[in-house]
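One file, query08.txt, carrying compact mmCIF, C-alpha atoms and all ligand atoms:
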# COMPACT_ATOMS: atom_id res chain seq x y z
CA MET U 14 76.65 -39.23 13.86
CA ARG U 15 76.94 -41.20 17.04
CA LEU U 16 78.03 -39.56 20.30
CA ASP U 17 78.71 -41.30 23.63
CA VAL U 18 79.29 -39.28 26.80
CA VAL U 19 80.58 -40.71 30.09
CA THR U 20 80.01 -38.63 33.22
CA ILE U 21 79.18 -38.91 36.91
CA PHE U 22 76.49 -36.21 36.31
CA PRO U 23 74.22 -37.57 33.53
CA GLY U 24 71.69 -34.83 34.32
CA TYR U 25 74.25 -32.19 33.33
CA LEU U 26 73.87 -33.32 29.71
CA ALA U 27 70.07 -32.86 29.72
CA PRO U 28 70.33 -29.71 27.54
CA LEU U 29 71.23 -32.00 24.64
CA GLU U 30 67.53 -32.88 24.50
CA GLN U 31 66.63 -29.25 23.73
CA SER U 32 66.52 -27.10 20.65
CA LEU U 33 67.98 -28.12 17.30
CA ILE U 34 70.13 -30.86 18.82
CA GLY U 35 67.06 -32.41 20.47
CA GLN U 36 65.26 -32.24 17.12
CA ALA U 37 68.21 -33.82 15.33
CA ARG U 38 68.19 -36.65 17.88
CA ARG U 39 64.48 -37.26 17.45
CA GLY U 40 64.92 -37.11 13.67
CA GLY U 41 67.65 -39.76 13.81
CA LEU U 42 70.49 -37.50 12.60
CA LEU U 43 72.19 -37.67 15.98
CA ASP U 44 72.45 -40.77 18.17
CA ILE U 45 73.54 -39.42 21.57
CA ARG U 46 74.01 -41.85 24.46
CA ILE U 47 74.77 -40.63 27.98
CA HIS U 48 76.48 -43.10 30.36
CA ASP U 49 76.86 -42.92 34.13
CA LEU U 50 80.44 -43.72 35.11
CA ARG U 51 79.18 -45.03 38.46
CA ASP U 52 77.51 -47.95 36.66
CA HIS U 53 81.08 -49.28 36.39
CA ALA U 54 81.99 -48.82 40.06
CA HIS U 55 81.39 -52.04 41.91
CA ASP U 56 81.69 -51.20 45.60
CA ARG U 57 78.68 -50.48 47.77
CA HIS U 58 79.22 -46.69 47.55
CA ARG U 59 79.83 -46.72 43.79
CA THR U 60 83.16 -44.97 44.41
CA VAL U 61 84.89 -43.36 41.39
CA ASP U 62 87.58 -41.27 43.18
CA ASP U 63 90.47 -41.78 45.56
CA THR U 64 93.30 -39.81 47.18
CA PRO U 65 96.27 -38.78 45.00
CA TYR U 66 99.57 -40.64 45.22
CA GLY U 67 102.30 -38.19 46.18
CA GLY U 68 99.89 -36.10 48.19
CA GLY U 69 98.17 -32.88 47.29
CA ALA U 70 94.73 -31.41 47.53
CA GLY U 71 91.54 -33.04 46.29
CA MET U 72 90.71 -36.39 44.78
CA VAL U 73 91.62 -38.21 41.57
CA MET U 74 89.31 -40.34 39.42
CA LYS U 75 90.09 -44.05 39.71
CA PRO U 76 91.16 -45.81 36.50
CA GLU U 77 89.11 -49.05 36.61
CA PRO U 78 85.58 -47.60 36.12
CA TRP U 79 86.87 -45.50 33.19
CA ALA U 80 88.48 -48.47 31.47
CA GLU U 81 85.37 -50.59 31.91
CA SER U 82 83.06 -47.84 30.67
CA LEU U 83 85.16 -46.98 27.59
CA ASP U 84 85.55 -50.66 26.71
CA ALA U 85 81.77 -51.15 26.98
CA ILE U 86 81.17 -48.22 24.63
CA ARG U 87 83.64 -49.58 22.09
CA ARG U 88 82.06 -53.05 22.18
CA SER U 89 78.59 -51.52 21.66
CA GLY U 90 79.51 -50.28 18.19
CA PRO U 91 79.77 -52.03 14.83
CA ALA U 92 82.50 -54.70 14.62
CA GLY U 93 85.89 -53.08 14.00
CA ALA U 94 84.63 -49.53 14.57
CA VAL U 95 86.15 -47.32 17.28
CA PRO U 96 85.08 -43.87 18.42
CA HIS U 97 87.40 -40.85 18.44
CA LEU U 98 87.64 -40.17 22.18
CA MET U 99 87.60 -36.51 23.22
CA ILE U 100 88.74 -35.89 26.79
CA PRO U 101 88.22 -32.37 28.14
CA SER U 102 91.25 -31.37 30.18
CA PRO U 103 92.70 -28.10 31.48
CA ALA U 104 95.91 -29.29 29.82
CA GLY U 105 94.29 -30.07 26.44
CA VAL U 106 94.68 -28.29 23.12
CA PRO U 107 92.32 -25.31 22.78
CA PHE U 108 89.00 -26.12 21.11
CA THR U 109 88.54 -24.18 17.86
CA GLU U 110 86.08 -23.94 14.99
CA ALA U 111 88.66 -25.76 12.85
CA MET U 112 88.56 -28.67 15.32
CA ALA U 113 84.75 -28.58 15.26
CA ARG U 114 84.80 -28.86 11.45
CA SER U 115 87.19 -31.78 11.60
CA LEU U 116 85.10 -33.59 14.25
CA ALA U 117 81.93 -33.00 12.21
CA GLY U 118 83.43 -35.29 9.56
CA GLU U 119 83.73 -38.25 11.94
CA PRO U 120 81.06 -40.92 12.30
CA TRP U 121 81.52 -41.63 16.00
CA LEU U 122 82.76 -39.48 18.88
CA ALA U 123 83.00 -40.38 22.56
CA PHE U 124 83.52 -37.92 25.43
CA ALA U 125 85.01 -38.63 28.85
CA CYS U 126 83.94 -36.01 31.40
CA GLY U 127 86.24 -35.93 34.40
CA ARG U 128 85.80 -34.14 37.72
CA TYR U 129 87.85 -33.43 40.84
CA GLU U 130 91.60 -32.93 40.22
CA GLY U 131 91.48 -35.06 37.09
CA ILE U 132 91.57 -38.63 35.82
CA ASP U 133 94.33 -41.15 36.66
CA GLU U 134 96.92 -40.62 33.90
CA ARG U 135 96.95 -44.32 33.01
CA VAL U 136 93.39 -44.04 31.65
CA TYR U 137 94.75 -41.96 28.76
CA ASP U 138 97.33 -44.64 27.95
CA HIS U 139 94.70 -47.37 28.17
CA ALA U 140 92.41 -45.46 25.82
CA ARG U 141 95.17 -44.47 23.37
CA GLU U 142 95.98 -48.17 22.83
CA ARG U 143 92.39 -48.76 21.72
CA MET U 144 91.15 -45.64 19.93
CA PRO U 145 92.23 -42.16 18.77
CA VAL U 146 92.30 -39.80 21.76
CA THR U 147 92.34 -35.98 21.85
CA LEU U 148 92.73 -33.93 25.03
CA VAL U 149 90.84 -30.71 24.53
CA SER U 150 90.47 -27.55 26.61
CA LEU U 151 87.58 -25.15 26.29
CA GLY U 152 89.87 -22.15 26.81
CA ASP U 153 92.13 -20.40 29.25
CA TYR U 154 89.92 -20.27 32.31
CA VAL U 155 89.05 -22.70 35.07
CA ILE U 156 85.91 -24.82 35.14
CA ASN U 157 85.19 -27.69 37.49
CA GLY U 158 84.98 -30.60 35.08
CA GLY U 159 84.47 -31.78 31.53
CA GLU U 160 80.67 -31.65 31.23
CA ALA U 161 80.29 -27.98 30.28
CA ALA U 162 83.09 -28.42 27.73
CA VAL U 163 81.25 -31.36 26.17
CA LEU U 164 78.02 -29.36 25.88
CA VAL U 165 79.91 -26.66 24.01
CA ILE U 166 81.78 -29.08 21.76
CA VAL U 167 78.65 -31.08 20.89
CA GLU U 168 76.77 -27.89 20.02
CA ALA U 169 79.66 -26.57 17.89
CA VAL U 170 80.00 -29.90 16.04
CA ALA U 171 76.31 -30.80 15.67
CA ARG U 172 75.34 -27.49 14.07
CA LEU U 173 77.82 -28.22 11.27
CA LEU U 174 76.10 -31.51 10.33
CA PRO U 175 73.93 -31.34 7.22
CA GLY U 176 70.30 -31.05 8.31
CA VAL U 177 70.89 -30.06 11.94
CA ILE U 178 70.84 -26.28 11.59
CA GLY U 179 67.52 -24.75 10.48
CA ASN U 180 68.94 -22.47 7.82
CA ALA U 181 71.97 -23.72 5.90
CA ASP U 182 72.56 -20.19 4.57
CA SER U 183 73.49 -18.97 8.03
CA LEU U 184 76.38 -21.44 8.00
CA VAL U 185 77.66 -20.09 4.70
CA GLU U 186 77.35 -16.45 5.71
CA GLU U 187 79.20 -16.88 8.96
CA SER U 188 82.58 -15.38 9.52
CA HIS U 189 85.44 -16.98 11.42
CA GLU U 190 85.97 -18.11 7.84
CA ASP U 191 87.59 -14.81 6.96
CA GLY U 192 88.74 -14.03 10.51
CA LEU U 193 86.62 -10.93 11.10
CA LEU U 194 83.99 -10.54 13.81
CA GLU U 195 80.32 -10.27 12.86
CA TYR U 196 78.62 -6.99 11.96
CA PRO U 197 75.94 -5.68 14.36
CA VAL U 198 72.36 -6.74 13.63
CA TYR U 199 69.04 -4.96 14.15
CA THR U 200 65.35 -5.73 13.80
CA LYS U 201 62.11 -3.75 14.16
CA PRO U 202 61.22 -1.20 15.42
CA ALA U 203 63.34 1.23 13.36
CA VAL U 204 63.24 3.66 16.30
CA TRP U 205 63.09 2.15 19.78
CA HIS U 206 61.93 4.32 22.68
CA ASP U 207 63.24 2.83 25.90
CA GLY U 208 62.84 5.97 27.99
CA GLY U 209 66.12 7.72 27.09
CA VAL U 210 67.26 9.00 23.72
CA PRO U 211 65.39 7.37 20.84
CA ARG U 212 67.54 4.46 19.64
CA GLU U 213 67.65 4.37 15.86
CA VAL U 214 68.65 1.61 13.51
CA PRO U 215 71.55 2.92 11.35
CA SER U 216 69.85 4.59 8.40
CA VAL U 217 71.96 2.81 5.77
CA LEU U 218 70.20 -0.44 6.73
CA LEU U 219 66.83 1.12 5.80
CA SER U 220 68.14 2.60 2.55
CA GLY U 221 67.67 -0.43 0.34
CA ASP U 222 71.11 0.31 -1.13
CA HIS U 223 72.64 -3.16 -1.00
CA ALA U 224 76.14 -2.05 -1.98
CA ALA U 225 76.11 0.64 0.73
CA ILE U 226 74.84 -1.88 3.28
CA ALA U 227 77.57 -4.38 2.38
CA ALA U 228 80.23 -1.65 2.66
CA TRP U 229 78.87 -0.46 6.00
CA ARG U 230 78.78 -4.00 7.39
CA LEU U 231 82.36 -4.68 6.29
CA GLY U 232 83.47 -1.43 7.93
CA GLN U 233 81.70 -2.39 11.16
CA ARG U 234 83.33 -5.82 11.10
CA ARG U 235 86.80 -4.33 10.64
CA ALA U 236 86.30 -1.67 13.31
CA ARG U 237 85.05 -4.04 15.98
CA THR U 238 87.70 -6.63 15.14
CA ALA U 239 90.39 -3.96 15.54
CA ALA U 240 88.86 -2.82 18.85
CA ARG U 241 88.07 -6.20 20.39
CA ARG U 242 90.28 -8.76 18.67
CA PRO U 243 93.35 -7.01 17.23
CA ASP U 244 95.00 -10.44 17.28
CA LEU U 245 92.71 -11.52 14.43
CA LEU U 246 93.87 -8.67 12.20
CA HIS U 247 97.08 -8.60 10.27
CA PRO U 248 98.33 -12.11 10.78
CA SER U 249 101.26 -10.66 8.80
CA LEU U 250 102.42 -9.27 12.13
CA ALA U 251 103.09 -12.84 13.21
CA THR U 252 105.02 -13.75 10.08
CA THR U 253 107.70 -11.09 9.90
CA GLY U 254 110.37 -13.65 10.62
CA LEU U 255 110.81 -12.45 14.18
CA GLY U 256 109.37 -15.50 15.82
CA ASP U 257 106.28 -14.90 17.85
CA LEU U 258 105.22 -11.27 17.81
CA LEU U 259 102.59 -10.34 20.32
CA VAL U 260 100.65 -7.16 19.57
CA SER U 261 98.60 -5.96 22.51
CA PRO U 262 97.12 -2.73 23.82
CA ALA U 263 99.80 -0.94 25.89
CA THR U 264 99.13 -0.83 29.63
CA PRO U 265 100.72 1.34 32.34
CA ALA U 266 103.09 -1.58 32.99
CA ASP U 267 104.53 -1.10 29.48
CA VAL U 268 105.27 2.59 29.99
CA PRO U 269 108.84 2.51 31.34
CA GLU U 270 110.06 0.24 28.54
CA LEU U 271 108.04 2.20 26.01
CA LEU U 272 109.76 5.38 27.15
CA VAL U 273 113.20 3.80 26.72
CA LEU U 274 112.39 2.51 23.22
CA THR U 275 110.82 5.84 22.28
CA ARG U 276 113.99 7.72 23.26
CA ALA U 277 116.23 5.20 21.51
CA CYS U 278 114.24 5.50 18.28
CA TRP U 279 113.83 9.28 18.31
CA LEU U 280 117.37 10.28 19.21
CA PRO U 281 118.64 9.78 15.64
CA GLU U 282 115.65 11.84 14.46
CA ALA U 283 116.62 14.59 16.86
CA GLU U 284 120.20 14.55 15.60
CA ARG U 285 119.07 14.85 12.01
CA ALA U 286 116.63 17.62 12.95
CA GLY U 287 119.32 19.41 14.99
CA THR U 288 117.13 19.73 18.07
CA THR U 289 116.34 17.81 21.23
CA ALA U 290 113.08 19.69 21.64
CA LEU U 291 111.07 16.88 20.05
CA PRO U 292 108.08 15.90 22.22
CA PRO U 293 108.91 12.16 22.17
CA LEU U 294 112.28 12.93 23.75
CA ARG U 295 110.75 15.20 26.37
CA GLU U 296 108.12 12.71 27.44
CA SER U 297 108.05 11.63 31.12
CA VAL U 298 106.80 8.34 32.53
CA ALA U 299 103.76 10.20 33.85
CA SER U 300 102.91 11.98 30.60
CA LEU U 301 103.38 8.82 28.56
CA ALA U 302 101.17 6.94 31.03
CA SER U 303 98.41 9.52 30.79
CA SER U 304 98.66 9.52 26.98
CA LEU U 305 97.41 5.92 27.07
CA GLU U 306 93.99 7.41 27.89
CA GLN U 307 94.02 9.63 24.81
CA TRP U 308 95.46 7.21 22.28
CA HIS U 309 94.99 3.61 21.24
CA THR U 310 98.55 2.59 21.96
CA TYR U 311 99.89 -0.84 21.04
CA ALA U 312 102.98 -2.61 22.25
CA VAL U 313 104.66 -5.27 20.13
CA ARG U 314 106.70 -7.88 21.95
CA SER U 315 108.98 -10.60 20.68
CA GLY U 316 109.98 -13.20 23.22
CA GLY U 317 108.86 -10.86 25.98
CA ARG U 318 111.00 -7.98 24.72
CA LEU U 319 109.36 -4.72 23.62
CA VAL U 320 110.39 -4.32 19.97
CA ALA U 321 107.91 -1.89 18.47
CA SER U 322 104.94 0.32 19.17
CA VAL U 323 102.39 2.51 17.46
CA ARG U 324 99.48 4.64 18.52
CA GLY U 325 96.47 6.16 16.81
CA ARG U 326 93.34 8.13 17.52
CA VAL U 327 90.50 10.04 15.97
CA ARG U 328 91.73 13.63 15.97
CA PRO U 329 90.08 15.57 18.79
CA GLY U 330 87.77 18.10 17.15
CA ASP U 331 87.74 16.37 13.77
CA GLU U 332 85.94 13.05 13.75
CA THR U 333 86.91 12.44 10.12
CA ALA U 334 90.69 12.51 10.68
CA TRP U 335 92.74 9.64 12.08
CA GLU U 336 96.18 10.36 13.51
CA THR U 337 98.81 7.66 13.65
CA GLY U 338 101.92 8.45 15.64
CA ARG U 339 104.91 7.24 17.60
CA LEU U 340 105.56 4.47 15.12
CA ILE U 341 108.79 3.00 16.45
CA VAL U 342 110.74 -0.17 15.73
CA ALA U 343 113.76 -1.36 17.67
CA PRO U 344 116.92 -0.43 15.71
CA ASP U 345 118.06 -4.03 15.24
CA LEU U 346 114.74 -5.01 13.66
CA GLU U 347 114.49 -2.21 11.09
CA GLY U 348 114.05 -3.16 7.45
CA ARG U 349 111.85 -6.22 7.96
CA GLY U 350 108.55 -4.59 7.11
CA LEU U 351 107.45 -4.35 10.72
CA GLY U 352 106.92 -0.58 10.49
CA ARG U 353 104.82 -0.96 7.35
CA ASP U 354 102.68 -3.67 8.96
CA LEU U 355 102.21 -1.61 12.12
CA LEU U 356 101.17 1.44 10.10
CA ALA U 357 98.54 -0.65 8.31
CA PHE U 358 97.45 -2.07 11.65
CA ALA U 359 97.06 1.40 13.19
CA GLU U 360 94.99 2.53 10.19
CA SER U 361 92.74 -0.51 10.58
CA LEU U 362 91.78 0.80 14.02
CA ALA U 363 90.16 3.90 12.50
CA PRO U 364 86.37 3.95 12.71
CA GLU U 365 84.30 4.03 9.53
CA ARG U 366 83.59 7.78 9.64
CA VAL U 367 87.29 8.57 9.18
CA THR U 368 88.10 9.89 5.70
CA SER U 369 91.73 10.99 6.07
CA PHE U 370 94.78 9.46 7.69
CA TRP U 371 97.50 11.68 9.18
CA LEU U 372 100.97 10.85 10.31
CA ASP U 373 103.52 13.09 11.98
CA THR U 374 107.24 12.49 11.87
CA ALA U 375 110.29 14.46 12.85
CA THR U 376 112.62 14.22 9.91
CA LEU U 377 112.26 12.54 6.60
CA THR U 378 115.10 10.25 5.70
CA PRO U 379 114.86 8.82 2.19
CA ARG U 380 113.94 5.49 3.80
CA HIS U 381 111.06 7.00 5.79
CA GLN U 382 109.94 8.90 2.72
CA ARG U 383 109.83 5.69 0.71
CA ILE U 384 107.83 3.86 3.39
CA LEU U 385 105.30 6.68 3.60
CA ARG U 386 104.96 6.94 -0.17
CA LYS U 387 104.44 3.19 -0.50
CA ALA U 388 101.74 3.42 2.17
CA GLY U 389 99.98 6.04 0.06
CA TYR U 390 100.90 9.13 2.08
CA ARG U 391 101.77 12.53 0.66
CA VAL U 392 103.96 14.85 2.69
CA VAL U 393 102.42 18.18 3.61
CA ARG U 394 104.65 20.72 5.32
CA GLY U 395 103.66 22.70 8.35
CA GLY U 396 102.27 19.96 10.53
CA ALA U 397 98.94 18.20 10.76
CA ASP U 398 97.52 20.72 13.19
CA GLU U 399 98.94 24.22 13.08
CA THR U 400 96.98 25.18 16.18
CA ALA U 401 98.93 22.70 18.28
CA GLY U 402 101.72 25.16 19.01
CA PRO U 403 105.24 25.55 17.63
CA ARG U 404 106.23 22.35 15.91
CA SER U 405 108.36 23.47 13.02
CA GLU U 406 110.45 20.30 13.27
CA ILE U 407 107.42 18.14 12.68
CA VAL U 408 106.50 17.05 9.19
CA SER U 409 103.03 15.76 8.44
CA ALA U 410 101.90 13.24 5.89
CA VAL U 411 98.34 12.62 4.81
CA LYS U 412 96.30 10.27 2.67
CA ARG U 413 92.65 9.84 1.85
CA ARG U 414 90.95 6.69 3.07
CA PRO U 415 91.26 4.23 0.18
C1 LIG D 501 88.57 -28.96 33.80
C2 LIG D 501 88.51 -28.00 31.48
C3 LIG D 501 88.97 -26.70 31.70
C4 LIG D 501 89.47 -26.11 32.88
C5 LIG D 501 88.44 -31.53 32.65
C6 LIG D 501 88.68 -32.27 35.09
C7 LIG D 501 88.80 -31.57 36.26
C8 LIG D 501 88.83 -29.21 36.93
C9 LIG D 501 90.23 -28.65 37.02
C10 LIG D 501 90.49 -27.35 36.62
C11 LIG D 501 91.81 -26.88 36.70
C12 LIG D 501 92.82 -27.71 37.18
C13 LIG D 501 91.27 -29.43 37.48
C14 LIG D 501 88.62 -30.10 34.60
C15 LIG D 501 88.47 -29.13 32.41
C16 LIG D 501 88.83 -26.03 30.50
C17 LIG D 501 88.39 -30.41 31.85
C18 LIG D 501 88.56 -31.36 34.03
N1 LIG D 501 88.74 -30.26 35.96
N2 LIG D 501 92.55 -28.96 37.54
N3 LIG D 501 88.13 -28.03 30.19
N4 LIG D 501 88.33 -26.86 29.60
N5 LIG D 501 89.15 -24.75 30.22
N6 LIG D 501 89.87 -25.59 33.79
CL1 LIG D 501 88.76 -33.96 34.93
What is this structure when it is put down as structure tokens?
Amino acid sequence: MRLDVVTIFPGYLAPLEQSLIGQARRGGLLDIRIHDLRDHAHDRHRTVDDTPYGGGAGMVMKPEPWAESLDAIRRSGPAGAVPHLMIPSPAGVPFTEAMARSLAGEPWLAFACGRYEGIDERVYDHARERMPVTLVSLGDYVINGGEAAVLVIVEAVARLLPGVIGNADSLVEESHEDGLLEYPVYTKPAVWHDGGVPREVPSVLLSGDHAAIAAWRLGQRRARTAARRPDLLHPSLATTGLGDLLVSPATPADVPELLVLTRACWLPEAERAGTTALPPLRESVASLASSLEQWHTYAVRSGGRLVASVRGRVRPGDETAWETGRLIVAPDLEGRGLGRDLLAFAESLAPERVTSFWLDTATLTPRHQRILRKAGYRVVRGGADETAGPRSEIVSAVKRRP
């Protein structure tokens, strides 16, 4: 694969001589050529920037050196061949592993690294008339120019090329294929003494029981994905026909709306139960806010509007029980499977040591009963935790971890 990079900081790309990419270059798998944009500036000061038309802060990269440099790169290739030009830009499409895989299938990539406030817009038009162009962003944060983005993209693409990575198995084993984060890894010593408590490698990894190890690793992957990247779990939540649903951990800013939705959803329950003494109806802004510390609470928004919520936690005093609660869905969105998906999502948050799932509800309409039964729950009267005080209105449902 051939790669051309244009920059005003050629030294910034020096890391491409290191490690596996450096080896691949020396072995002829990668032909990387770094070009100094200033070689195409023809004034005495080798100027590549100028003040912005229309005013504003900072400087803009002049078009002529870019056009000359990109044209020179194109002419340097085989007759008729053109590179796919990647231009890092804060306004580009986010770089992903899928994009890396697609780029790894191309014979020739070129990269234009801008600086300052950006590149004169006409450079993009000039380039697009001569070669395929993709504007790409490294992610939603600010960096000062395109060079760091190009280092990342080249590393992500190059490691996918046959022969570049040392161990092809590591490519196969990797996730981001199945959308779960990696399991934690350990090496010797089995017990590490760093001055505090002895730090042990989880015993299952020393057991030699390959099925148990695989199960443990899958559990770890699910638990950390639920904790760190809930957005990667249950893509079903995004396909309930509600448009874009955003599931995110509830923050204090969500509390007032959450309180309103909670009351709206629990009032019919209270009417059926013949009491207004239900805790969800008695909740204050303050108590709901402080509950965020005790529960993993999630808010579901559609077009900015709070439409559903759920919370869950390991039961205090019983590490093997997971409680899901306050599963609410806005009345106009009932019957679309959102409650079922949220219940499954809340269960996915439970750590591996959990062996039973509990769910409290006020009354059991036939509809609620059906949803619980389909989710594998069995209703047990008397409440999940009889020590929690008088709660005769509350019905508990339980299931074993599948
Ligand atoms: C940033 C970039 C970002 C970001 C190209 C060029 C200038 C600095 C800048 C930042 C914000 C607003 C200018 C670039 C990137 C990212 C790419 C340039 N800047 N205006 N790539 N990936 N996340 N930020 Cl040219």
List the neighbours of segment 208-220 of chain U out to 8 Å using all atoms listed in the file; skip same-chain residues closer than 5 positions along the sequence, and give me the result as a CSV table (one decimal) with C-alpha atoms, in the coordinates of the input.
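Wrote it out as out12.csv, contents follow:
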chain,number,residue,atom,x,y,z
U,199,TYR,CA,69.0,-5.0,14.2
U,203,ALA,CA,63.3,1.2,13.4
U,225,ALA,CA,76.1,0.6,0.7
U,226,ILE,CA,74.8,-1.9,3.3
U,229,TRP,CA,78.9,-0.5,6.0
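Between atom CA of Ile100 of chain U and atom C18 of ligand LIG 501 (chain D) the interatomic distance comes to 8.5 Å.
Taking atom CA of Tyr25 of chain U as the reference point, atom CA of Met72 of chain U is found at 20.5 Å.
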Residues of chain U that approach ligand LIG 501 (chain D) to 9 Å or less, counting only C-alpha atoms and all ligand atoms: could you list each one with the shortest pair of atoms and its distance in Å to one decimal, rows by chain and increasing residue number, as CSV?
residue,atom,partner,partner_atom,distance
U:Val73,CA,D:LIG501,CL1,8.4
U:Met74,CA,D:LIG501,CL1,7.8
U:Ile100,CA,D:LIG501,C5,7.3
U:Pro101,CA,D:LIG501,C17,4.2
U:Ser102,CA,D:LIG501,C17,3.4
U:Pro103,CA,D:LIG501,C3,4.0
U:Ala104,CA,D:LIG501,C3,7.6
U:Gly105,CA,D:LIG501,N4,7.5
U:Pro107,CA,D:LIG501,N4,8.1
U:Phe108,CA,D:LIG501,N4,8.5
U:Ala125,CA,D:LIG501,CL1,8.5
U:Cys126,CA,D:LIG501,CL1,6.3
U:Gly127,CA,D:LIG501,CL1,3.2
U:Arg128,CA,D:LIG501,CL1,4.1
U:Tyr129,CA,D:LIG501,C7,5.0
U:Glu130,CA,D:LIG501,C13,4.5
U:Gly131,CA,D:LIG501,CL1,3.6
U:Ile132,CA,D:LIG501,CL1,5.5
U:Leu148,CA,D:LIG501,C17,8.8
U:Val149,CA,D:LIG501,N3,6.8
U:Ser150,CA,D:LIG501,N4,3.7
U:Leu151,CA,D:LIG501,N4,3.8
U:Gly152,CA,D:LIG501,N5,4.3
U:Asp153,CA,D:LIG501,N5,5.4
U:Tyr154,CA,D:LIG501,N5,5.0
U:Val155,CA,D:LIG501,N6,3.3
U:Ile156,CA,D:LIG501,N6,4.3
U:Asn157,CA,D:LIG501,C8,4.0
U:Gly158,CA,D:LIG501,C14,3.7
U:Gly159,CA,D:LIG501,C5,4.1
U:Glu160,CA,D:LIG501,C17,7.8
U:Ala161,CA,D:LIG501,N3,7.8
U:Ala162,CA,D:LIG501,N3,5.6
U:Val163,CA,D:LIG501,N3,8.6
Hey, what's within 10 Å of Leu16 of chain U if we count only C-alpha atoms and toss same-chain stuff fewer than 3 positions away? As an MDAnalysis selection string, please? chainID U and resid 43:47 96:98 120:124 167
For C-alpha atoms, I'd like the residues from the last selection saved as a short mmCIF file (atom, residue, chain, number, x, y, z; two decimals), in the coordinates of the input.
data_model
loop_
_atom_site.label_atom_id
_atom_site.label_comp_id
_atom_site.auth_asym_id
_atom_site.auth_seq_id
_atom_site.Cartn_x
_atom_site.Cartn_y
_atom_site.Cartn_z
CA LEU U 43 72.19 -37.67 15.98
CA ASP U 44 72.45 -40.77 18.17
CA ILE U 45 73.54 -39.42 21.57
CA ARG U 46 74.01 -41.85 24.46
CA ILE U 47 74.77 -40.63 27.98
CA PRO U 96 85.08 -43.87 18.42
CA HIS U 97 87.40 -40.85 18.44
CA LEU U 98 87.64 -40.17 22.18
CA PRO U 120 81.06 -40.92 12.30
CA TRP U 121 81.52 -41.63 16.00
CA LEU U 122 82.76 -39.48 18.88
CA ALA U 123 83.00 -40.38 22.56
CA PHE U 124 83.52 -37.92 25.43
CA VAL U 167 78.65 -31.08 20.89
#
Taking all atoms listed in the file into account, which of U:Thr147, U:Ser261, U:Arg394, U:Ala239 comes nearest Val106 of chain U? U:Thr147
Give me the residues within 8 Å of Ala359 of chain U as number ranges by chain, counting all atoms listed in the file and dropping any in the same chain fewer than 3 places off. U: 323-325, 337, 355-356, 362-363
Calculated over only C-alpha atoms, which of the candidates U:Ile384, U:Ala117, U:Leu291, U:Ala299 has the smallest distance to Arg349 of chain U? U:Ile384
Residue nearest Val411 of chain U among U:Pro364, U:Gly93, U:Trp335, U:Val260 (counting only C-alpha atoms):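 Nearest to Val411 of chain U: U:Trp335.
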Residues within 10 Å of Ala277 of chain U, all atoms listed in the file, excluding chain neighbours under 5 positions, as a PyMOL selection string: chain U and resi 271-272+282+294+341-344
How would the residues just chosen look if you wrote them out with C-alpha atoms as an mmCIF file, keeping the file's coordinate frame?
data_model
loop_
_atom_site.group_PDB
_atom_site.id
_atom_site.type_symbol
_atom_site.label_atom_id
_atom_site.label_comp_id
_atom_site.auth_asym_id
_atom_site.auth_seq_id
_atom_site.Cartn_x
_atom_site.Cartn_y
_atom_site.Cartn_z
ATOM 1 C CA LEU U 271 108.040 2.200 26.010
ATOM 2 C CA LEU U 272 109.760 5.380 27.150
ATOM 3 C CA GLU U 282 115.650 11.840 14.460
ATOM 4 C CA LEU U 294 112.280 12.930 23.750
ATOM 5 C CA ILE U 341 108.790 3.000 16.450
ATOM 6 C CA VAL U 342 110.740 -0.170 15.730
ATOM 7 C CA ALA U 343 113.760 -1.360 17.670
ATOM 8 C CA PRO U 344 116.920 -0.430 15.710
#
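Going from atom CA of Pro329 of chain U to atom CA of Glu306 of chain U covers 12.8 Å.
Nearest residue to Leu258 of chain U, choosing from U:Asp354, U:Asp207, U:Glu336, U:Glu30 and counting all atoms listed in the file: U:Asp354.
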Against segment 310-317 of chain U, which residues of segment 194-245 of chain U fall within 12 Å? For each one I want the closest pair of atoms and the distance in Å (one decimal), counting only C-alpha atoms, rows by chain and increasing residue number, as a Markdown table.
| residue | atom | partner | partner_atom | distance |
| --- | --- | --- | --- | --- |
| U:Ala239 | CA | U:Tyr311 | CA | 11.4 |
| U:Ala240 | CA | U:Tyr311 | CA | 11.4 |
| U:Pro243 | CA | U:Tyr311 | CA | 9.8 |
| U:Asp244 | CA | U:Val313 | CA | 11.3 |
Smallest atom-to-atom distance to Arg15 of chain U: which of U:Asp52, U:Glu347, U:Glu134, U:Glu119, using only C-alpha atoms? U:Glu119
Quick one: residues within 10 Å of (77.3, -29.9, 9.6) (file frame), counting only C-alpha atoms, please, as number ranges by chain. U: 113-114, 116-118, 169-178, 181, 184
